[in-house]
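Here's the structure, in structure tokens; my notes come after.
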Protein chains: 2
Amino acid sequence: MSENKIPYKIYLSEDEMPRAWYNLRADMKVKPAPLLNPGTHQPMTAEELEGVFCRELVAQELDDETPFFEIPREIRDFYKMYRPSPLVRAYCLEEKLQTPAKIYYKFEGNNTSGSHKLNSAIAQAYYAKRQGLKGVTTETGAGQWGTALSMACGYLGLECRVYMVKCSYEQKPFRREVMRVYGASVTPSPSDTTSVGRKILQEFPGTTGSLGCAISEAVEAALSAPGYRYVLGSVLNQVLLHQSVIGLEAKAAMDKYGVKPDIIIGCAGGGSNLGGLIAPFMGEKLRGEADYRIIAVEPASCPSLTRGEFRYDFCDTGMVCPLAKMYTLGSAFMPSADHAGGLRFHGMSSILSQLYHDGFMEAISVRQTDVFEAAEEFARVEGILPAPESSHAILAAVNEAKRCKETGEEKTILFGLTGTGYFDLVAYEKFHNGQMQNVIPTDEDIAKSLAQLPEVL
Amino acid sequence: MSENKIPYKIYLSEDEMPRAWYNLRADMKVKPAPLLNPGTHQPMTAEELEGVFCRELVAQELDDETPFFEIPREIRDFYKMYRPSPLVRAYCLEEKLQTPAKIYYKFEGNNTSGSHKLNSAIAQAYYAKRQGLKGVTTETGAGQWGTALSMACGYLGLECRVYMVKCSYEQKPFRREVMRVYGASVTPSPSDTTSVGRKILQEFPGTTGSLGCAISEAVEAALSAPGYRYVLGSVLNQVLLHQSVIGLEAKAAMDKYGVKPDIIIGCAGGGSNLGGLIAPFMGEKLRGEADYRIIAVEPASCPSLTRGEFRYDFCDTGMVCPLAKMYTLGSAFMPSADHAGGLRFHGMSSILSQLYHDGFMEAISVRQTDVFEAAEEFARVEGILPAPESSHAILAAVNEAKRCKETGEEKTILFGLTGTGYFDLVAYEKFHNGQMQNVIPTDEDIAKSLAQLPEVL
């Protein structure tokens, strides 16, 4: 099909939507290292994990061999409410940049949670429901994950308790209110509903909370309430599995028009979006069937891949969760108050960390103010107001497209536009008013944080 | 095609998108009454209107005969960025209601302005640009129109000055910030940038403004700045013409699957969404080719069709704009602080008023708290967080579907879901906290407001 026949937006039909998630690990020669029990430093068993997570999700978490997991019909029906997400040909951006590059983006923001998080939220809620559980607990920082989980639970009639970092709870009342629309109970963390919360409140009266503390509260709440389990929106293998729907749809849409990307770009915090977007492409690369440049983009304020160490670390700052082998800045690392809240995680998915370590992908870090400049340029020509997280990928894609202009190369670029910025307008306001700063950790900051880790393995 | 083959969402392909707007007036035997000059009470001439509005738009405004206006290629390209909007089959809502009715909705919220307003904003901005103008001015209350116009102007490189009612400016800083992302200048009204603003500030220091005042400021700003014109997001014939793209797409999508609606429902403030949604269906009805029940839903707090008078009135509370013949509560009517800001207009499009007067459509009014209850139920089963305005149509559709359950009739219902509620969470919060009230005007309130009108014609 001729190039100019490609529409602005490619939608798959319902028949063309993926019927199975793709498990990237099945094609990895070097598998990601297993989670370790924080007490014994032995690999976590299914039995141990099932105390905290749903049974079916534990099976998915531990399975490094099965390439495809069928998506249950109920989840596929839910996906039909907001998927397929469009694959957009960025004609207007290309024209604005006067680049010979062809730019595509997979837009995951057209749902009320405003991001790709819903893809895994509905899966996790579904398996909890099928196990006969009463409810789930989780934490949320910026609020995208909490919103997505509330929507999924509201749909399935499952109880949902969200521990929201207190400063977000206060600064983002609208996010909190969306969760309430979907019937979730939202508790500012630290709270007096858990012993860990009470302890922190006693030690640090007036604290505005942290993600680490909220995780600890959510885990305790799940363990102490009968019929409850804890769920998590990123980092875990199961989350990347569910998010593979992004990449599978993107690839199917491109295949339909005979388009092959040269470069694939995604923002990277815990890895849920990037891992999902690249999954089928990386599969081809691992099997030697195709080659792609794959680029992870992280904030300069929290650069785990580009400046972290590849080693075992805790997933939470409270150091109660299992240990994961990953690129990490150290679980004690305190990222600056960057506005891309979804990217402020000290570590990175074990799967992506291993792939990066083995040379299958690149990583770059970018500065916050440059990211907002690219976001605004994008909004004006492509219409969509992007989330700060997603805008990291926009900036990298724009830079690649500009390089094509210099060299004259007609490269095809695919990037992930993970969500919308409707709840991030305080950040945009700061940017407009010139109050936004780039706070970048020094080598000493990172070394100090890593030095606090226990020596394991 | 068998009923169960209908997908959750029907998207037209780019080839199937409308290439012309449909002008409902061409099929009306009784035409809507003309706008009158507020001084002479004579029909406004093209020349008079061109002092305020763009030339091409004046031609569209005055043309009661031409059935189709070709959509310029540049506008069709812009439409491709966020259109076709999906026609959604509300399978989940039907199941929840256990109704034999088939429910469809046309969802216009999947763009950053969050509503259907963008359909006319890009058209009006385009003709201003083509006329060689420098910029446009407008007013905005709730902010959807101002956002849409900012996006359109940002895209075309046209200056955009928005007068935003001061209380909205202060209470909805995020709306203001989105407009700034798109490069608009946003001024809280009343302001000291216009003589009418200065006069009001002097008379009422500390006032938080009104839509009427903002309109007056925007008109004055357009008249006093060289190369500027004023644009408006509803009520006018030209706006309904542009918005016909909603109904044309909806009809094409339904025709594709052999579906015919029995009942068509839309919320009604100034009439932009309702007039657009029903256009091609009403055309068939006017030509005697088909019959449909068509229902306008208005807030009980501002019930122009159901409780107003059909007569000439000013479009603005400042009584400086042309007179339109319409159902009106009187331009001096002050609606309560209802949260469906987009529906708080004292009058109604002349086209819709005439059609209602001639018995081609019905109208009902509904209470704010019932609307939010329907909105929340809808959000939980269909995923989308609806705008309060749109939720008026949801409530009416749900009530019709419940009636079908009682009678066993398998009616097909189509309603317009005009936008999302991401910027209306203060209202949702009030609803959750039980602080929302239904303020409904008394007969005396309405009579008093109507009595202030000058006797014309």
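Residue names in the structure tokens use chain letters A, B, ... in the order shown, residue numbers from 1 in each chain, and ligand numbers from 1 in the order shown.
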With chain B held fixed, move chain A onto it by a least-squares fit of all C-alpha atoms in order and give the output as a short mmCIF file (atom, residue, chain, number, x, y, z; two decimals) with C-alpha atoms, in the first residue's frame.
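The resulting superposed38.cif:
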data_model
loop_
_atom_site.label_atom_id
_atom_site.label_comp_id
_atom_site.auth_asym_id
_atom_site.auth_seq_id
_atom_site.Cartn_x
_atom_site.Cartn_y
_atom_site.Cartn_z
CA MET A 1 -25.88 -7.80 9.45
CA SER A 2 -26.94 -9.59 12.58
CA GLU A 3 -27.43 -7.52 15.71
CA ASN A 4 -24.72 -9.23 17.75
CA LYS A 5 -22.11 -8.36 15.15
CA ILE A 6 -22.24 -4.72 16.14
CA PRO A 7 -18.91 -3.77 17.74
CA TYR A 8 -18.59 -1.85 20.99
CA LYS A 9 -17.36 1.13 19.04
CA ILE A 10 -18.04 1.98 15.43
CA TYR A 11 -15.37 4.12 13.79
CA LEU A 12 -15.83 5.37 10.26
CA SER A 13 -12.77 5.17 8.04
CA GLU A 14 -11.33 8.46 6.80
CA ASP A 15 -12.97 7.85 3.40
CA GLU A 16 -16.34 7.58 5.09
CA MET A 17 -16.06 10.86 6.98
CA PRO A 18 -18.45 13.64 5.90
CA ARG A 19 -17.13 15.97 3.19
CA ALA A 20 -19.87 18.57 3.64
CA TRP A 21 -21.82 20.05 6.53
CA TYR A 22 -25.59 19.79 6.37
CA ASN A 23 -27.69 22.93 6.69
CA LEU A 24 -30.91 21.89 8.36
CA ARG A 25 -32.58 25.20 7.47
CA ALA A 26 -32.71 24.19 3.80
CA ASP A 27 -35.32 21.58 4.67
CA MET A 28 -37.36 23.70 7.09
CA LYS A 29 -40.64 24.93 5.63
CA VAL A 30 -40.88 27.57 8.32
CA LYS A 31 -37.40 29.12 8.50
CA PRO A 32 -35.95 30.42 11.75
CA ALA A 33 -36.62 34.12 12.18
CA PRO A 34 -33.73 36.43 11.22
CA LEU A 35 -31.46 38.22 13.66
CA LEU A 36 -32.55 41.82 14.23
CA ASN A 37 -30.46 44.92 14.66
CA PRO A 38 -30.89 45.86 18.33
CA GLY A 39 -31.18 49.55 17.40
CA THR A 40 -33.46 49.54 14.35
CA HIS A 41 -35.20 46.19 14.91
CA GLN A 42 -34.65 45.49 11.21
CA PRO A 43 -33.08 42.21 10.00
CA MET A 44 -29.32 42.35 10.29
CA THR A 45 -27.66 42.69 6.88
CA ALA A 46 -24.51 40.84 5.86
CA GLU A 47 -22.68 44.14 5.91
CA GLU A 48 -23.70 44.87 9.49
CA LEU A 49 -22.75 41.39 10.64
CA GLU A 50 -19.37 41.51 8.90
CA GLY A 51 -18.24 44.23 11.27
CA VAL A 52 -18.28 41.66 14.05
CA PHE A 53 -18.05 38.26 12.33
CA CYS A 54 -15.90 36.85 9.52
CA ARG A 55 -17.29 37.23 5.99
CA GLU A 56 -17.60 33.55 5.15
CA LEU A 57 -19.28 32.82 8.47
CA VAL A 58 -21.81 35.58 7.89
CA ALA A 59 -22.68 33.98 4.56
CA GLN A 60 -23.25 30.67 6.34
CA GLU A 61 -25.25 32.41 9.06
CA LEU A 62 -27.69 33.95 6.63
CA ASP A 63 -28.11 31.08 4.16
CA ASP A 64 -31.44 29.31 4.70
CA GLU A 65 -31.45 27.56 1.31
CA THR A 66 -28.18 25.77 0.53
CA PRO A 67 -28.45 22.23 1.93
CA PHE A 68 -24.74 21.36 1.96
CA PHE A 69 -21.57 23.37 2.52
CA GLU A 70 -18.36 21.67 1.49
CA ILE A 71 -15.93 21.28 4.39
CA PRO A 72 -12.61 22.82 3.27
CA ARG A 73 -9.74 20.32 3.00
CA GLU A 74 -7.76 22.05 5.78
CA ILE A 75 -10.65 21.60 8.21
CA ARG A 76 -11.15 17.99 7.15
CA ASP A 77 -7.46 17.38 7.85
CA PHE A 78 -7.81 18.91 11.30
CA TYR A 79 -10.92 16.79 11.91
CA LYS A 80 -8.81 13.71 11.15
CA MET A 81 -6.69 14.42 14.22
CA TYR A 82 -9.59 13.70 16.58
CA ARG A 83 -12.44 12.49 14.38
CA PRO A 84 -14.28 10.37 13.48
CA SER A 85 -15.52 10.24 17.03
CA PRO A 86 -16.69 6.80 18.05
CA LEU A 87 -20.32 5.75 18.00
CA VAL A 88 -20.46 3.51 21.04
CA ARG A 89 -22.86 0.68 21.64
CA ALA A 90 -23.50 0.83 25.38
CA TYR A 91 -23.53 -2.93 25.93
CA CYS A 92 -22.43 -2.58 29.55
CA LEU A 93 -25.07 0.00 30.39
CA GLU A 94 -27.76 -2.12 28.73
CA GLU A 95 -26.69 -5.12 30.80
CA LYS A 96 -26.64 -3.09 34.00
CA LEU A 97 -30.16 -1.78 33.29
CA GLN A 98 -31.38 -5.20 32.11
CA THR A 99 -33.25 -3.41 29.36
CA PRO A 100 -34.31 -4.74 25.96
CA ALA A 101 -33.47 -1.29 24.54
CA LYS A 102 -30.38 -0.88 22.36
CA ILE A 103 -28.43 2.16 23.48
CA TYR A 104 -25.89 4.01 21.37
CA TYR A 105 -23.99 7.18 22.12
CA LYS A 106 -21.86 9.44 19.99
CA PHE A 107 -18.86 10.36 22.13
CA GLU A 108 -17.33 13.77 21.41
CA GLY A 109 -14.98 13.95 24.40
CA ASN A 110 -11.85 12.31 22.95
CA ASN A 111 -9.94 15.50 22.30
CA THR A 112 -8.05 17.82 24.61
CA SER A 113 -10.80 20.47 24.64
CA GLY A 114 -12.92 17.66 26.06
CA SER A 115 -16.05 18.39 24.06
CA HIS A 116 -17.72 18.81 20.68
CA LYS A 117 -16.93 22.54 20.69
CA LEU A 118 -13.78 21.95 18.65
CA ASN A 119 -15.89 21.09 15.57
CA SER A 120 -16.98 24.69 15.18
CA ALA A 121 -13.90 26.31 16.69
CA ILE A 122 -11.63 25.03 13.93
CA ALA A 123 -14.13 26.13 11.28
CA GLN A 124 -14.47 29.63 12.67
CA ALA A 125 -10.71 30.00 13.15
CA TYR A 126 -10.07 28.71 9.64
CA TYR A 127 -12.35 31.27 7.98
CA ALA A 128 -10.81 34.05 10.08
CA LYS A 129 -7.36 32.96 8.95
CA ARG A 130 -8.47 32.72 5.30
CA GLN A 131 -9.84 36.24 5.50
CA GLY A 132 -6.35 37.36 6.47
CA LEU A 133 -7.34 38.34 9.98
CA LYS A 134 -4.86 38.58 12.79
CA GLY A 135 -6.89 37.12 15.60
CA VAL A 136 -10.22 36.42 17.23
CA THR A 137 -11.83 37.23 20.55
CA THR A 138 -14.38 35.30 22.51
CA GLU A 139 -15.78 34.75 25.98
CA THR A 140 -15.88 31.56 27.94
CA GLY A 141 -17.78 30.55 31.03
CA ALA A 142 -17.17 26.90 31.96
CA GLY A 143 -14.17 26.96 29.64
CA GLN A 144 -14.88 24.26 27.05
CA TRP A 145 -15.40 26.72 24.23
CA GLY A 146 -12.37 28.82 25.16
CA THR A 147 -10.19 25.71 25.25
CA ALA A 148 -11.47 24.53 21.89
CA LEU A 149 -10.89 27.91 20.28
CA SER A 150 -7.38 28.12 21.76
CA MET A 151 -6.54 24.74 20.26
CA ALA A 152 -7.84 25.75 16.83
CA CYS A 153 -6.00 29.09 16.88
CA GLY A 154 -2.80 27.50 18.19
CA TYR A 155 -2.90 25.09 15.28
CA LEU A 156 -3.49 27.79 12.65
CA GLY A 157 -1.17 30.38 14.17
CA LEU A 158 -3.99 32.83 14.85
CA GLU A 159 -4.05 35.06 17.92
CA CYS A 160 -6.75 34.22 20.43
CA ARG A 161 -8.01 36.45 23.23
CA VAL A 162 -10.37 34.83 25.67
CA TYR A 163 -12.42 36.75 28.23
CA MET A 164 -13.08 34.26 30.97
CA VAL A 165 -15.73 34.96 33.60
CA LYS A 166 -13.65 35.93 36.64
CA CYS A 167 -15.09 33.38 39.04
CA SER A 168 -14.36 30.60 36.53
CA TYR A 169 -10.88 32.02 35.95
CA GLU A 170 -10.21 31.72 39.65
CA GLN A 171 -12.07 28.47 40.32
CA LYS A 172 -10.89 26.66 37.19
CA PRO A 173 -7.20 27.52 36.94
CA PHE A 174 -6.56 24.30 35.01
CA ARG A 175 -8.88 25.30 32.19
CA ARG A 176 -7.07 28.63 32.00
CA GLU A 177 -3.74 26.81 31.93
CA VAL A 178 -4.78 24.54 29.05
CA MET A 179 -5.64 27.65 27.03
CA ARG A 180 -2.20 29.05 27.81
CA VAL A 181 -0.58 25.83 26.60
CA TYR A 182 -2.21 26.57 23.25
CA GLY A 183 -0.94 30.13 23.27
CA ALA A 184 -4.17 32.00 24.03
CA SER A 185 -4.23 35.12 26.18
CA VAL A 186 -6.81 34.66 28.90
CA THR A 187 -8.20 37.71 30.69
CA PRO A 188 -10.45 37.52 33.73
CA SER A 189 -13.65 39.44 33.08
CA PRO A 190 -14.54 42.14 33.96
CA SER A 191 -11.12 43.60 33.18
CA ASP A 192 -9.60 47.02 32.70
CA THR A 193 -8.72 46.22 29.07
CA THR A 194 -12.11 47.41 27.77
CA SER A 195 -14.26 50.43 28.50
CA VAL A 196 -17.26 48.25 29.37
CA GLY A 197 -15.07 46.27 31.74
CA ARG A 198 -13.73 49.41 33.42
CA LYS A 199 -17.25 50.73 33.78
CA ILE A 200 -18.48 47.56 35.45
CA LEU A 201 -15.45 47.41 37.74
CA GLN A 202 -16.13 50.98 38.83
CA GLU A 203 -19.81 50.34 39.45
CA PHE A 204 -19.37 46.94 41.10
CA PRO A 205 -15.92 46.70 42.64
CA GLY A 206 -15.14 43.10 43.58
CA THR A 207 -17.65 41.58 41.15
CA THR A 208 -16.75 38.07 39.95
CA GLY A 209 -18.21 38.68 36.51
CA SER A 210 -20.90 37.15 34.31
CA LEU A 211 -21.12 35.63 30.87
CA GLY A 212 -23.01 38.67 29.63
CA CYS A 213 -20.22 40.97 30.70
CA ALA A 214 -17.56 38.74 29.15
CA ILE A 215 -19.45 38.76 25.84
CA SER A 216 -19.60 42.54 25.90
CA GLU A 217 -15.85 42.75 26.56
CA ALA A 218 -15.00 40.25 23.84
CA VAL A 219 -17.15 42.09 21.29
CA GLU A 220 -15.62 45.45 22.21
CA ALA A 221 -12.12 43.96 22.01
CA ALA A 222 -12.85 42.62 18.51
CA LEU A 223 -14.26 45.92 17.31
CA SER A 224 -11.39 47.98 18.66
CA ALA A 225 -8.43 45.82 17.56
CA PRO A 226 -7.56 45.99 13.84
CA GLY A 227 -7.70 42.61 12.11
CA TYR A 228 -9.83 40.99 14.80
CA ARG A 229 -13.29 39.47 14.75
CA TYR A 230 -15.53 38.00 17.43
CA VAL A 231 -16.52 34.33 17.45
CA LEU A 232 -19.17 32.42 19.39
CA GLY A 233 -19.46 28.75 20.31
CA SER A 234 -23.20 28.12 20.29
CA VAL A 235 -26.68 29.46 19.46
CA LEU A 236 -25.79 30.79 15.98
CA ASN A 237 -26.91 29.07 12.77
CA GLN A 238 -23.30 28.73 11.58
CA VAL A 239 -22.39 26.80 14.75
CA LEU A 240 -25.21 24.31 14.22
CA LEU A 241 -24.06 23.95 10.61
CA HIS A 242 -20.52 23.00 11.67
CA GLN A 243 -21.78 20.72 14.42
CA SER A 244 -23.83 18.75 11.89
CA VAL A 245 -20.65 16.69 11.48
CA ILE A 246 -21.68 14.90 14.71
CA GLY A 247 -25.02 13.75 13.34
CA LEU A 248 -23.69 12.99 9.86
CA GLU A 249 -21.03 10.70 11.30
CA ALA A 250 -23.49 9.08 13.69
CA LYS A 251 -25.96 8.41 10.90
CA ALA A 252 -23.28 7.03 8.56
CA ALA A 253 -22.06 4.70 11.32
CA MET A 254 -25.59 3.46 12.05
CA ASP A 255 -26.44 3.08 8.37
CA LYS A 256 -23.34 0.92 7.96
CA TYR A 257 -24.87 -1.61 10.33
CA GLY A 258 -28.46 -1.14 9.24
CA VAL A 259 -29.45 0.42 12.56
CA LYS A 260 -32.15 3.07 12.82
CA PRO A 261 -32.73 4.98 16.05
CA ASP A 262 -36.24 5.32 17.42
CA ILE A 263 -35.34 8.02 19.93
CA ILE A 264 -32.60 10.66 19.67
CA ILE A 265 -31.60 12.53 22.82
CA GLY A 266 -29.29 15.47 23.40
CA CYS A 267 -28.58 17.98 26.14
CA ALA A 268 -29.50 21.53 25.24
CA GLY A 269 -27.99 24.80 26.39
CA GLY A 270 -27.57 27.10 23.41
CA GLY A 271 -28.21 24.16 21.10
CA SER A 272 -24.83 23.48 19.45
CA ASN A 273 -24.63 19.83 20.35
CA LEU A 274 -28.30 18.96 20.01
CA GLY A 275 -28.61 20.80 16.71
CA GLY A 276 -25.55 19.02 15.35
CA LEU A 277 -26.51 15.56 16.53
CA ILE A 278 -30.04 15.60 15.20
CA ALA A 279 -29.37 17.47 11.93
CA PRO A 280 -29.51 14.66 9.33
CA PHE A 281 -32.22 12.79 11.23
CA MET A 282 -34.34 15.91 11.55
CA GLY A 283 -33.75 16.51 7.83
CA GLU A 284 -35.34 13.15 7.04
CA LYS A 285 -38.20 13.94 9.39
CA LEU A 286 -38.79 17.34 7.78
CA ARG A 287 -38.77 15.77 4.33
CA GLY A 288 -41.21 13.11 5.51
CA GLU A 289 -38.77 10.28 4.83
CA ALA A 290 -38.55 8.95 8.37
CA ASP A 291 -39.88 9.57 11.84
CA TYR A 292 -37.90 9.88 15.04
CA ARG A 293 -38.70 10.96 18.58
CA ILE A 294 -36.25 13.76 19.26
CA ILE A 295 -35.80 14.94 22.85
CA ALA A 296 -33.98 18.02 24.12
CA VAL A 297 -32.88 17.74 27.76
CA GLU A 298 -32.31 20.92 29.72
CA PRO A 299 -31.49 21.63 33.35
CA ALA A 300 -34.45 22.42 35.60
CA SER A 301 -32.40 25.43 36.75
CA CYS A 302 -32.41 26.99 33.27
CA PRO A 303 -35.42 25.62 31.37
CA SER A 304 -35.71 27.83 28.27
CA LEU A 305 -37.63 25.41 26.02
CA THR A 306 -39.87 23.93 28.69
CA ARG A 307 -40.72 27.11 30.60
CA GLY A 308 -39.59 30.03 28.44
CA GLU A 309 -41.47 32.16 25.90
CA PHE A 310 -41.00 32.04 22.13
CA ARG A 311 -40.13 35.63 21.24
CA TYR A 312 -37.38 38.03 20.27
CA ASP A 313 -34.68 38.59 22.89
CA PHE A 314 -31.06 39.63 23.19
CA CYS A 315 -28.42 36.91 23.03
CA ASP A 316 -26.43 38.58 25.80
CA THR A 317 -27.34 39.92 29.19
CA GLY A 318 -25.66 43.20 28.26
CA MET A 319 -28.33 43.71 25.57
CA VAL A 320 -25.83 44.90 22.96
CA CYS A 321 -25.91 41.88 20.63
CA PRO A 322 -28.50 41.29 17.89
CA LEU A 323 -31.98 40.10 18.80
CA ALA A 324 -32.85 36.49 18.07
CA LYS A 325 -36.28 34.90 18.02
CA MET A 326 -36.08 31.98 20.39
CA TYR A 327 -37.43 30.29 23.47
CA THR A 328 -36.08 32.43 26.25
CA LEU A 329 -36.27 33.00 29.97
CA GLY A 330 -35.37 36.63 29.33
CA SER A 331 -31.82 37.92 28.89
CA ALA A 332 -31.96 39.29 32.43
CA PHE A 333 -32.54 35.79 33.81
CA MET A 334 -29.85 34.77 36.30
CA PRO A 335 -29.62 30.97 36.45
CA SER A 336 -28.52 29.44 39.74
CA ALA A 337 -24.93 28.27 40.12
CA ASP A 338 -25.72 24.96 38.48
CA HIS A 339 -22.67 22.86 37.68
CA ALA A 340 -23.60 22.25 34.07
CA GLY A 341 -22.10 25.59 33.10
CA GLY A 342 -22.44 24.92 29.40
CA LEU A 343 -26.22 24.74 29.73
CA ARG A 344 -26.70 27.99 31.63
CA PHE A 345 -27.94 30.12 28.75
CA HIS A 346 -31.20 31.99 28.97
CA GLY A 347 -32.21 31.29 25.35
CA MET A 348 -32.00 28.61 22.68
CA SER A 349 -30.83 28.46 19.06
CA SER A 350 -33.43 29.99 16.72
CA ILE A 351 -33.37 26.87 14.56
CA LEU A 352 -34.17 24.55 17.46
CA SER A 353 -36.69 26.99 18.90
CA GLN A 354 -38.60 27.04 15.60
CA LEU A 355 -38.50 23.25 15.28
CA TYR A 356 -39.74 22.84 18.83
CA HIS A 357 -42.44 25.44 18.25
CA ASP A 358 -43.56 23.56 15.14
CA GLY A 359 -43.79 20.25 17.00
CA PHE A 360 -40.81 18.45 15.49
CA MET A 361 -39.17 17.76 18.82
CA GLU A 362 -39.90 17.35 22.52
CA ALA A 363 -38.19 18.91 25.50
CA ILE A 364 -37.83 17.88 29.13
CA SER A 365 -36.01 19.35 32.09
CA VAL A 366 -34.17 17.37 34.75
CA ARG A 367 -32.76 18.04 38.21
CA GLN A 368 -29.04 18.40 38.86
CA THR A 369 -28.72 15.73 41.57
CA ASP A 370 -30.52 13.17 39.40
CA VAL A 371 -28.14 14.06 36.60
CA PHE A 372 -25.06 13.38 38.75
CA GLU A 373 -26.51 10.10 39.94
CA ALA A 374 -26.91 8.98 36.33
CA ALA A 375 -23.41 10.29 35.53
CA GLU A 376 -21.83 8.20 38.23
CA GLU A 377 -23.74 5.06 37.29
CA PHE A 378 -22.69 5.58 33.69
CA ALA A 379 -19.03 6.14 34.61
CA ARG A 380 -18.85 2.91 36.51
CA VAL A 381 -20.24 0.70 33.77
CA GLU A 382 -19.11 2.49 30.60
CA GLY A 383 -15.76 3.73 31.90
CA ILE A 384 -16.09 7.32 30.69
CA LEU A 385 -16.36 10.13 33.26
CA PRO A 386 -19.00 12.33 31.63
CA ALA A 387 -19.33 16.10 31.71
CA PRO A 388 -22.30 17.34 33.76
CA GLU A 389 -23.80 18.80 30.57
CA SER A 390 -23.63 15.47 28.72
CA SER A 391 -25.04 13.68 31.73
CA HIS A 392 -28.41 15.34 31.18
CA ALA A 393 -28.69 13.23 28.03
CA ILE A 394 -27.49 10.13 29.89
CA LEU A 395 -30.26 10.50 32.46
CA ALA A 396 -32.94 10.89 29.80
CA ALA A 397 -31.60 7.90 27.86
CA VAL A 398 -31.51 5.75 31.00
CA ASN A 399 -35.09 6.72 31.80
CA GLU A 400 -36.22 5.78 28.29
CA ALA A 401 -34.35 2.46 28.57
CA LYS A 402 -36.04 1.74 31.89
CA ARG A 403 -39.40 2.43 30.28
CA CYS A 404 -38.51 -0.14 27.61
CA LYS A 405 -37.83 -2.64 30.38
CA GLU A 406 -41.32 -2.07 31.75
CA THR A 407 -43.04 -2.34 28.38
CA GLY A 408 -40.70 -4.91 26.84
CA GLU A 409 -40.12 -2.71 23.80
CA GLU A 410 -36.76 -3.12 22.00
CA LYS A 411 -36.30 0.51 21.13
CA THR A 412 -33.05 1.86 19.74
CA ILE A 413 -31.87 4.95 21.58
CA LEU A 414 -29.15 7.30 20.37
CA PHE A 415 -27.80 10.03 22.60
CA GLY A 416 -25.03 12.58 22.42
CA LEU A 417 -22.22 12.27 24.95
CA THR A 418 -20.74 15.70 24.36
CA GLY A 419 -17.73 15.63 26.62
CA THR A 420 -15.71 14.55 29.60
CA GLY A 421 -15.87 15.77 33.18
CA TYR A 422 -12.15 16.02 34.00
CA PHE A 423 -12.50 19.71 34.76
CA ASP A 424 -15.75 19.32 36.67
CA LEU A 425 -14.51 17.40 39.67
CA VAL A 426 -15.41 20.14 42.11
CA ALA A 427 -19.00 19.42 41.13
CA TYR A 428 -18.57 15.67 41.57
CA GLU A 429 -17.01 16.33 44.98
CA LYS A 430 -20.02 18.42 46.04
CA PHE A 431 -22.30 15.65 44.86
CA HIS A 432 -20.38 13.03 46.88
CA ASN A 433 -20.38 15.19 49.95
CA GLY A 434 -24.14 15.76 49.72
CA GLN A 435 -23.65 19.48 49.22
CA MET A 436 -25.36 19.70 45.85
CA GLN A 437 -28.71 21.44 45.68
CA ASN A 438 -31.42 21.75 43.09
CA VAL A 439 -32.32 25.39 42.69
CA ILE A 440 -35.28 25.72 40.39
CA PRO A 441 -36.65 29.11 39.35
CA THR A 442 -40.21 29.96 40.36
CA ASP A 443 -42.78 31.12 37.81
CA GLU A 444 -42.38 34.57 39.31
CA ASP A 445 -38.61 34.56 38.69
CA ILE A 446 -39.17 33.82 35.02
CA ALA A 447 -42.05 36.25 34.62
CA LYS A 448 -40.01 39.00 36.23
CA SER A 449 -37.08 38.42 33.92
CA LEU A 450 -39.28 38.31 30.81
CA ALA A 451 -41.02 41.48 31.89
CA GLN A 452 -37.76 43.36 31.56
CA LEU A 453 -37.63 42.75 27.81
CA PRO A 454 -38.49 45.60 25.47
CA GLU A 455 -41.59 45.06 23.37
CA VAL A 456 -40.32 44.25 19.87
CA LEU A 457 -42.29 43.25 16.80
#
Practice prompt. Determine which residues of region 64-310 of chain A DSSP labels as helix (DSSP H, G or I) from the backbone of this structure, then write them out as a PyMOL selection string.
Written response: chain A and resi 73-82+91-97+118-130+144-156+166-171+173-181+195-203+211-224+237-256+272-286+304-307
- Would you mind writing down, as a ChimeraX atom specification, each residue of region 59-116 of chain B that DSSP on the backbone assigns to strand (DSSP E)? /B:68-70,87-89,102-107
